Amino acid sequence: MDYKLKSIEIIKLFKPIIPNYAWQRIKKLKWVKHFIESGSNVSNLFDFKTSRYHCEIPPLKVKPNLDFLVLELPPRYMPLMPNGLGYLYNILQKCDLSFQILDVNISLYHMYHEHRLRNKLSNIYTPSGYLLPDDPWDNTSTALWSKEEIISYFWPEILKLTDKIAANPPKTLGISLNGFNRNLAKKFVKEIRRRLPDVVIIVGGYDCVHYNLGPSLFSDFDYMVIGEAELTLPPLMKSLREGNRPKDLPGIVSRFDSSDRQWTTLLLENLDDIEWPKYQWIKVNWYQTYDRHHLIPITGGRGCLWSRCKFCSERFYFRKRDPAKIVDEIEYFTKSGYHSFHFNESDVNGDQQNLYNICNEILRRKLEVKLAGQLRIDRRNTPEYFIHMAKAGFTHLRFGVDGWNDRLLILMNKGYNMDLVFQNLRDCHNAGIVTTVNVVIGVPGETESDVDECINNFIKCKDFIHAVESFNTLLLACGSEYYTNPDQYKIKFRWNKEEIYDRFADYIPTELWYSEDPYIDQEIRLSRLNRILSTLYLNGVQIGPFATKVIERLKNRESESNFKP
């Protein structure tokens, strides 16, 4: 760091105690004025005199003679670190093979923002003239990566990577699918197949949770790891290393499988049997945004203890980790200067006492951290419980309330009532924790009277809600009760049901289904959404940026399917 950059950091540190007359003179120095006028964020990360970005660009180098090369293609929300890759690295370390994990996402992220900042670009367009969002990696923009316009902008860099892979071909190539990079991954694999027709392709990740869904979402693979990989990937890698093409493996779908195979799933029962991620293959300081925000994901458990919400597709067997080991992980990163953590799971308080003990351990070690996560409404969430969480460092909690009156909570099978919702939101807010909520509109059986009551309940507790973080009309998603048993909930389809399910394996486009008694289709769901939004706006209820983007997509969405019977 040159003396001017270092001086800026010193000035910022001591500004509160610098006499005002001295500060006024310091501000007039030409180079200090330039940093101040550049903006508080940009001035922290980019030295315009030397054209230096705040970190080196992570290189995309492919090692030779690899048994296994794993790629993380963009997008993945930044600044969240790749928790899944971290666990995968630990698995592969025990597989006795030469491997490399290459995070293409983080490299392209910093390439993009270094270019934007160095050239002081306020707008960036794709070759076809499509205006890119301010940050294509923000969680309000990641869904746009399904568009060819965005893929085409980054494709030249991807092609350079395929050149490097072709020059040093691995025996096996792995692709992490996260739900947003599916289209880019399909194009990438097609190009790799053209250059390296004999390479074995293994895929896994978020798109590969259900064995009957994954191959429908992404079909160009040799092997697909379904769900957790700790028990299923090592036998596959061992057999491939020996030159075999195994079939019918537990937890693995392959193009070599027998037509009559019986599916079996393997789950890791004790999460403490495995190491937590340390991201040894990469520099941890690369995982910060262009304005130097970082967020370390923590997996305190897997699955959901409740697993009964009828609209939810993430209903998996619940397991938890030892509180001391979780805090060991947190403390490890605090020693490297990282203090913001996100519990990367749907049911942080699935075991109420376990979460309480995590907080105890953080307080015992006197760690200074900021924690966030999603909590379930629960009668054991007492005022004292929230105060304990706040003392431990919880600053932001999201609640999946979803239904906003007692009748809808019963229809959705949420397991609590509105009195408990009011109590939890109030007590969380009063403990000084940012409190946000989710909403789901249009479940079968919902009435206009329900919507009226939901609005009244929102207004009743608006002082305890910082923002609505997620605002969705009901989605028929694979794995949910509504998707699996539509007839039971009077859900009807506009075309042949079997053909729709065959063509849309992950979720049913909203224009292709409706529910009866009372009649609800997407037009009615959107009308109710508008009514709730307008009333909440008039009453000062904040709608968060992610929820705002979801609403925009719902309102502006063209036909999702172009389906013709």
# chains A, B, ... in the order shown; residues from 1 in each chain; ligands from 1
>>> residues_around(residues="Ile202 (chain A)", least_positions_apart="5", cutoff="12 Å", atoms="only C-alpha atoms", output="count of residues only")
33
>>> residues_around(residues="Asn123 (chain A)", least_positions_apart="4", cutoff="12 Å", atoms="only C-alpha atoms", output="PyMOL selection string")
chain A and resi 113+115-117+119+129-135
>>> closest_residue(among="A:Arg380, A:Lys320, A:Lys460, A:Arg118", to="Cys304 (chain A)", atoms="only C-alpha atoms")
A:Lys320
>>> closest_residue(among="A:Arg241, A:His54, A:Lys120, A:Lys61", to="Ser98 (chain A)", atoms="only C-alpha atoms")
A:Arg241
>>> residues_around(residues="region 339-354 of chain A", least_positions_apart="4", cutoff="9 Å", atoms="only C-alpha atoms", output="compact mmCIF listing (two decimals) with N, CA and C atoms, in the first residue's frame")
# COMPACT_ATOMS: atom_id res chain seq x y z
N LEU A 80 -21.65 -14.04 -0.29
CA LEU A 80 -21.71 -15.33 0.39
C LEU A 80 -20.67 -16.30 -0.18
N ASN A 83 -20.34 -22.40 0.33
CA ASN A 83 -20.37 -23.39 1.40
C ASN A 83 -20.33 -24.82 0.86
N HIS A 293 -17.82 -5.90 1.32
CA HIS A 293 -18.70 -6.62 2.24
C HIS A 293 -18.38 -8.10 2.14
N HIS A 294 -18.45 -8.78 3.27
CA HIS A 294 -18.22 -10.22 3.27
C HIS A 294 -19.31 -10.89 4.08
N LEU A 295 -19.54 -12.18 3.83
CA LEU A 295 -20.56 -12.93 4.56
C LEU A 295 -20.16 -14.40 4.55
N ILE A 296 -19.90 -14.94 5.73
CA ILE A 296 -19.47 -16.33 5.85
C ILE A 296 -20.70 -17.20 6.13
N PRO A 297 -20.97 -18.20 5.28
CA PRO A 297 -22.11 -19.09 5.56
C PRO A 297 -21.75 -20.12 6.63
N ILE A 298 -22.68 -20.35 7.52
CA ILE A 298 -22.52 -21.36 8.57
C ILE A 298 -23.68 -22.34 8.47
N THR A 299 -23.37 -23.62 8.42
CA THR A 299 -24.42 -24.64 8.40
C THR A 299 -24.49 -25.27 9.78
N GLY A 300 -25.46 -24.82 10.56
CA GLY A 300 -25.63 -25.36 11.91
C GLY A 300 -26.43 -26.64 11.92
N GLY A 301 -27.15 -26.89 10.83
CA GLY A 301 -27.95 -28.10 10.71
C GLY A 301 -28.34 -28.30 9.26
N ARG A 302 -28.92 -29.42 8.97
CA ARG A 302 -29.45 -29.70 7.64
C ARG A 302 -30.89 -30.17 7.77
N GLY A 303 -31.70 -29.77 6.77
CA GLY A 303 -33.08 -30.18 6.78
C GLY A 303 -33.96 -29.25 7.60
N CYS A 304 -35.18 -29.67 7.83
CA CYS A 304 -36.16 -28.88 8.59
C CYS A 304 -36.90 -29.81 9.54
N LEU A 305 -36.91 -29.47 10.82
CA LEU A 305 -37.56 -30.32 11.80
C LEU A 305 -39.07 -30.38 11.58
N TRP A 306 -39.68 -29.24 11.18
CA TRP A 306 -41.13 -29.20 10.96
C TRP A 306 -41.50 -29.94 9.68
N GLU A 314 -38.64 -27.83 0.32
CA GLU A 314 -37.39 -28.15 1.03
C GLU A 314 -37.70 -28.88 2.34
N PHE A 318 -34.15 -33.64 9.35
CA PHE A 318 -33.42 -32.65 10.15
C PHE A 318 -32.30 -33.30 10.96
N ARG A 319 -31.10 -32.68 10.89
CA ARG A 319 -29.97 -33.05 11.72
C ARG A 319 -29.27 -31.78 12.18
N LYS A 320 -28.56 -31.84 13.28
CA LYS A 320 -27.92 -30.66 13.85
C LYS A 320 -26.46 -30.96 14.18
N ARG A 321 -25.68 -29.88 14.35
CA ARG A 321 -24.28 -29.99 14.73
C ARG A 321 -24.08 -29.61 16.19
N ASP A 322 -22.96 -30.05 16.72
CA ASP A 322 -22.60 -29.72 18.10
C ASP A 322 -22.31 -28.22 18.20
N PRO A 323 -22.91 -27.52 19.17
CA PRO A 323 -22.71 -26.07 19.30
C PRO A 323 -21.23 -25.66 19.39
N ILE A 330 -16.91 -20.50 13.61
CA ILE A 330 -17.07 -19.05 13.65
C ILE A 330 -15.79 -18.38 14.15
N GLU A 331 -15.23 -18.92 15.22
CA GLU A 331 -14.03 -18.32 15.80
C GLU A 331 -12.85 -18.39 14.83
N PHE A 333 -12.84 -18.01 11.64
CA PHE A 333 -12.89 -16.92 10.68
C PHE A 333 -12.72 -15.55 11.34
N THR A 334 -13.13 -15.42 12.60
CA THR A 334 -12.92 -14.14 13.29
C THR A 334 -11.42 -13.87 13.46
N LYS A 335 -10.64 -14.93 13.61
CA LYS A 335 -9.20 -14.75 13.75
C LYS A 335 -8.55 -14.26 12.47
N ILE A 358 -25.51 -22.54 21.25
CA ILE A 358 -24.58 -21.87 20.33
C ILE A 358 -24.33 -20.45 20.82
N CYS A 359 -25.41 -19.77 21.18
CA CYS A 359 -25.29 -18.39 21.70
C CYS A 359 -24.48 -18.37 22.99
N LEU A 367 -16.80 -13.57 21.57
CA LEU A 367 -16.59 -13.28 20.15
C LEU A 367 -17.45 -12.10 19.73
N GLU A 368 -16.87 -11.20 18.96
CA GLU A 368 -17.60 -10.04 18.43
C GLU A 368 -18.03 -10.38 17.00
N VAL A 369 -19.31 -10.72 16.82
CA VAL A 369 -19.79 -11.18 15.52
C VAL A 369 -21.16 -10.57 15.21
N LYS A 370 -21.49 -10.61 13.91
CA LYS A 370 -22.83 -10.25 13.45
C LYS A 370 -23.42 -11.48 12.79
N LEU A 371 -24.58 -11.91 13.27
CA LEU A 371 -25.19 -13.15 12.81
C LEU A 371 -26.57 -12.89 12.23
N ALA A 372 -26.93 -13.67 11.20
CA ALA A 372 -28.25 -13.57 10.59
C ALA A 372 -28.74 -14.97 10.25
N GLY A 373 -30.05 -15.10 10.09
CA GLY A 373 -30.61 -16.40 9.73
C GLY A 373 -32.12 -16.36 9.69
N GLN A 374 -32.71 -17.51 9.40
CA GLN A 374 -34.18 -17.61 9.33
C GLN A 374 -34.69 -18.44 10.50
N LEU A 375 -35.61 -17.86 11.25
CA LEU A 375 -36.19 -18.54 12.40
C LEU A 375 -37.64 -18.94 12.12
N ARG A 376 -38.03 -20.03 12.74
CA ARG A 376 -39.44 -20.44 12.70
C ARG A 376 -40.18 -19.81 13.88
N ASP A 378 -42.22 -19.76 17.02
CA ASP A 378 -42.24 -20.83 18.02
C ASP A 378 -42.62 -20.25 19.38
N ARG A 380 -41.52 -21.12 22.12
CA ARG A 380 -40.33 -21.06 22.98
C ARG A 380 -39.46 -19.85 22.66
N ASN A 381 -39.82 -19.09 21.64
CA ASN A 381 -39.12 -17.83 21.33
C ASN A 381 -39.61 -16.74 22.29
>>> atom_distance(atom1="CA of Pro518 (chain A)", atom2="CA of Gly445 (chain A)")
6.0 Å
>>> residues_around(residues="Glu448 (chain A)", least_positions_apart="2", cutoff="12 Å", atoms="only C-alpha atoms", output="list in words")
Leu408, Ile441, Gly442, Val443, Gly445, Glu446, Asp450, Val451, Asp452, Glu453, Cys454, Ile455, Pro518, Tyr519, Ile520, Ile524, Arg525, Ser527, Arg528, Leu529, Arg531 and Ile532 of chain A
>>> select_by_dssp(residues="region 402-565 of chain A", states="strand (DSSP E)", output="PyMOL selection string")
chain A and resi 402+434-441+467-473+476-477+491-493+507-508+513-515
>>> write_last_selection(atoms="N, CA and C atoms", output="PDB file, in the first residue's frame")
ATOM      1  N   ASP A 402     -45.518 -16.331   6.172  1.00  0.00           N
ATOM      2  CA  ASP A 402     -46.149 -16.800   4.934  1.00  0.00           C
ATOM      3  C   ASP A 402     -47.658 -16.577   4.909  1.00  0.00           C
ATOM      4  N   VAL A 434     -33.043  -6.718  13.741  1.00  0.00           N
ATOM      5  CA  VAL A 434     -33.790  -6.398  12.525  1.00  0.00           C
ATOM      6  C   VAL A 434     -34.693  -7.587  12.202  1.00  0.00           C
ATOM      7  N   THR A 435     -35.982  -7.310  12.067  1.00  0.00           N
ATOM      8  CA  THR A 435     -36.987  -8.358  11.936  1.00  0.00           C
ATOM      9  C   THR A 435     -37.664  -8.260  10.573  1.00  0.00           C
ATOM     10  N   THR A 436     -37.512  -9.293   9.737  1.00  0.00           N
ATOM     11  CA  THR A 436     -38.136  -9.296   8.419  1.00  0.00           C
ATOM     12  C   THR A 436     -39.012 -10.535   8.272  1.00  0.00           C
ATOM     13  N   VAL A 437     -39.909 -10.511   7.272  1.00  0.00           N
ATOM     14  CA  VAL A 437     -40.907 -11.574   7.148  1.00  0.00           C
ATOM     15  C   VAL A 437     -41.103 -11.971   5.685  1.00  0.00           C
ATOM     16  N   ASN A 438     -41.730 -13.125   5.480  1.00  0.00           N
ATOM     17  CA  ASN A 438     -42.098 -13.625   4.170  1.00  0.00           C
ATOM     18  C   ASN A 438     -43.619 -13.678   4.033  1.00  0.00           C
ATOM     19  N   VAL A 439     -44.098 -13.636   2.790  1.00  0.00           N
ATOM     20  CA  VAL A 439     -45.538 -13.701   2.501  1.00  0.00           C
ATOM     21  C   VAL A 439     -45.758 -14.631   1.314  1.00  0.00           C
ATOM     22  N   VAL A 440     -46.767 -15.488   1.394  1.00  0.00           N
ATOM     23  CA  VAL A 440     -47.206 -16.311   0.271  1.00  0.00           C
ATOM     24  C   VAL A 440     -48.685 -16.032   0.026  1.00  0.00           C
ATOM     25  N   ILE A 441     -49.036 -15.738  -1.231  1.00  0.00           N
ATOM     26  CA  ILE A 441     -50.394 -15.354  -1.595  1.00  0.00           C
ATOM     27  C   ILE A 441     -50.997 -16.383  -2.547  1.00  0.00           C
ATOM     28  N   ALA A 467     -38.965  -4.999   7.342  1.00  0.00           N
ATOM     29  CA  ALA A 467     -39.286  -5.075   5.909  1.00  0.00           C
ATOM     30  C   ALA A 467     -39.906  -6.426   5.595  1.00  0.00           C
ATOM     31  N   VAL A 468     -40.685  -6.456   4.505  1.00  0.00           N
ATOM     32  CA  VAL A 468     -41.120  -7.722   3.914  1.00  0.00           C
ATOM     33  C   VAL A 468     -39.987  -8.175   2.994  1.00  0.00           C
ATOM     34  N   GLU A 469     -39.346  -9.282   3.337  1.00  0.00           N
ATOM     35  CA  GLU A 469     -38.155  -9.691   2.608  1.00  0.00           C
ATOM     36  C   GLU A 469     -38.465 -10.548   1.384  1.00  0.00           C
ATOM     37  N   SER A 470     -39.536 -11.349   1.470  1.00  0.00           N
ATOM     38  CA  SER A 470     -39.926 -12.184   0.335  1.00  0.00           C
ATOM     39  C   SER A 470     -41.443 -12.126   0.183  1.00  0.00           C
ATOM     40  N   PHE A 471     -41.900 -11.869  -1.049  1.00  0.00           N
ATOM     41  CA  PHE A 471     -43.325 -11.662  -1.333  1.00  0.00           C
ATOM     42  C   PHE A 471     -43.637 -12.465  -2.585  1.00  0.00           C
ATOM     43  N   ASN A 472     -44.352 -13.592  -2.444  1.00  0.00           N
ATOM     44  CA  ASN A 472     -44.559 -14.489  -3.570  1.00  0.00           C
ATOM     45  C   ASN A 472     -46.012 -14.918  -3.713  1.00  0.00           C
ATOM     46  N   THR A 473     -46.446 -15.063  -4.971  1.00  0.00           N
ATOM     47  CA  THR A 473     -47.675 -15.816  -5.205  1.00  0.00           C
ATOM     48  C   THR A 473     -47.294 -17.294  -5.176  1.00  0.00           C
ATOM     49  N   LEU A 476     -46.259 -23.874  -7.525  1.00  0.00           N
ATOM     50  CA  LEU A 476     -46.348 -25.331  -7.429  1.00  0.00           C
ATOM     51  C   LEU A 476     -44.969 -25.913  -7.730  1.00  0.00           C
ATOM     52  N   ALA A 477     -44.167 -26.113  -6.685  1.00  0.00           N
ATOM     53  CA  ALA A 477     -42.779 -26.532  -6.836  1.00  0.00           C
ATOM     54  C   ALA A 477     -42.620 -28.004  -6.495  1.00  0.00           C
ATOM     55  N   ILE A 491     -56.753 -28.480  -7.046  1.00  0.00           N
ATOM     56  CA  ILE A 491     -55.908 -27.808  -8.032  1.00  0.00           C
ATOM     57  C   ILE A 491     -56.160 -28.448  -9.393  1.00  0.00           C
ATOM     58  N   LYS A 492     -56.486 -27.628 -10.380  1.00  0.00           N
ATOM     59  CA  LYS A 492     -56.804 -28.096 -11.728  1.00  0.00           C
ATOM     60  C   LYS A 492     -55.800 -27.527 -12.725  1.00  0.00           C
ATOM     61  N   PHE A 493     -55.734 -28.193 -13.888  1.00  0.00           N
ATOM     62  CA  PHE A 493     -54.758 -27.814 -14.900  1.00  0.00           C
ATOM     63  C   PHE A 493     -55.456 -27.479 -16.217  1.00  0.00           C
ATOM     64  N   TYR A 507     -41.264 -26.862 -11.530  1.00  0.00           N
ATOM     65  CA  TYR A 507     -42.463 -26.201 -11.021  1.00  0.00           C
ATOM     66  C   TYR A 507     -43.433 -25.993 -12.184  1.00  0.00           C
ATOM     67  N   ILE A 508     -44.715 -25.856 -11.846  1.00  0.00           N
ATOM     68  CA  ILE A 508     -45.757 -25.690 -12.866  1.00  0.00           C
ATOM     69  C   ILE A 508     -45.959 -24.200 -13.108  1.00  0.00           C
ATOM     70  N   TRP A 513     -52.278 -23.542 -14.178  1.00  0.00           N
ATOM     71  CA  TRP A 513     -53.065 -24.181 -13.130  1.00  0.00           C
ATOM     72  C   TRP A 513     -53.891 -23.156 -12.364  1.00  0.00           C
ATOM     73  N   TYR A 514     -54.908 -23.642 -11.696  1.00  0.00           N
ATOM     74  CA  TYR A 514     -55.771 -22.817 -10.843  1.00  0.00           C
ATOM     75  C   TYR A 514     -56.357 -23.733  -9.780  1.00  0.00           C
ATOM     76  N   SER A 515     -56.950 -23.149  -8.748  1.00  0.00           N
ATOM     77  CA  SER A 515     -57.627 -23.951  -7.723  1.00  0.00           C
ATOM     78  C   SER A 515     -59.093 -23.554  -7.654  1.00  0.00           C
TER      79      SER A 515
END
>>> atom_distance(atom1="CA of Gln542 (chain A)", atom2="CA of Asp291 (chain A)")
24.7 Å
>>> select_by_dssp(residues="region 99-245 of chain A", states="helix (DSSP H, G or I)", output="ChimeraX atom specification")
/A:104-118,142-146,148-167,182-195,206-208,214-217,233-241
>>> atom_distance(atom1="CA of Ser128 (chain A)", atom2="CA of Ser141 (chain A)")
18.6 Å
>>> residues_around(residues="Leu196 (chain A)", least_positions_apart="5", cutoff="9 Å", atoms="only C-alpha atoms", output="mmCIF file with N, CA and C atoms, in the first residue's frame")
data_model
loop_
_atom_site.group_PDB
_atom_site.id
_atom_site.type_symbol
_atom_site.label_atom_id
_atom_site.label_comp_id
_atom_site.auth_asym_id
_atom_site.auth_seq_id
_atom_site.Cartn_x
_atom_site.Cartn_y
_atom_site.Cartn_z
ATOM 1 N N ILE A 165 -8.899 -25.736 -20.316
ATOM 2 C CA ILE A 165 -9.278 -27.099 -19.944
ATOM 3 C C ILE A 165 -8.888 -28.072 -21.056
ATOM 4 N N ALA A 166 -9.110 -27.662 -22.302
ATOM 5 C CA ALA A 166 -8.750 -28.517 -23.435
ATOM 6 C C ALA A 166 -7.238 -28.730 -23.506
ATOM 7 N N PRO A 169 -6.523 -31.453 -20.204
ATOM 8 C CA PRO A 169 -7.807 -32.134 -19.965
ATOM 9 C C PRO A 169 -7.786 -33.012 -18.717
ATOM 10 N N GLU A 191 -19.985 -27.140 -25.120
ATOM 11 C CA GLU A 191 -18.697 -26.748 -25.689
ATOM 12 C C GLU A 191 -17.583 -27.709 -25.250
#
>>> closest_residue(among="A:Pro75, A:Gly251, A:Gly179, A:Gly243", to="Ser107 (chain A)", atoms="only C-alpha atoms")
A:Pro75
>>> closest_residue(among="A:Asn178, A:Ser146, A:Asn357, A:Thr162", to="Val203 (chain A)", atoms="only C-alpha atoms")
A:Asn178
>>> residues_around(residues="Phe99 (chain A)", least_positions_apart="2", cutoff="9 Å", atoms="only C-alpha atoms", output="PyMOL selection string")
chain A and resi 63+65-70+92-93+97+101+170
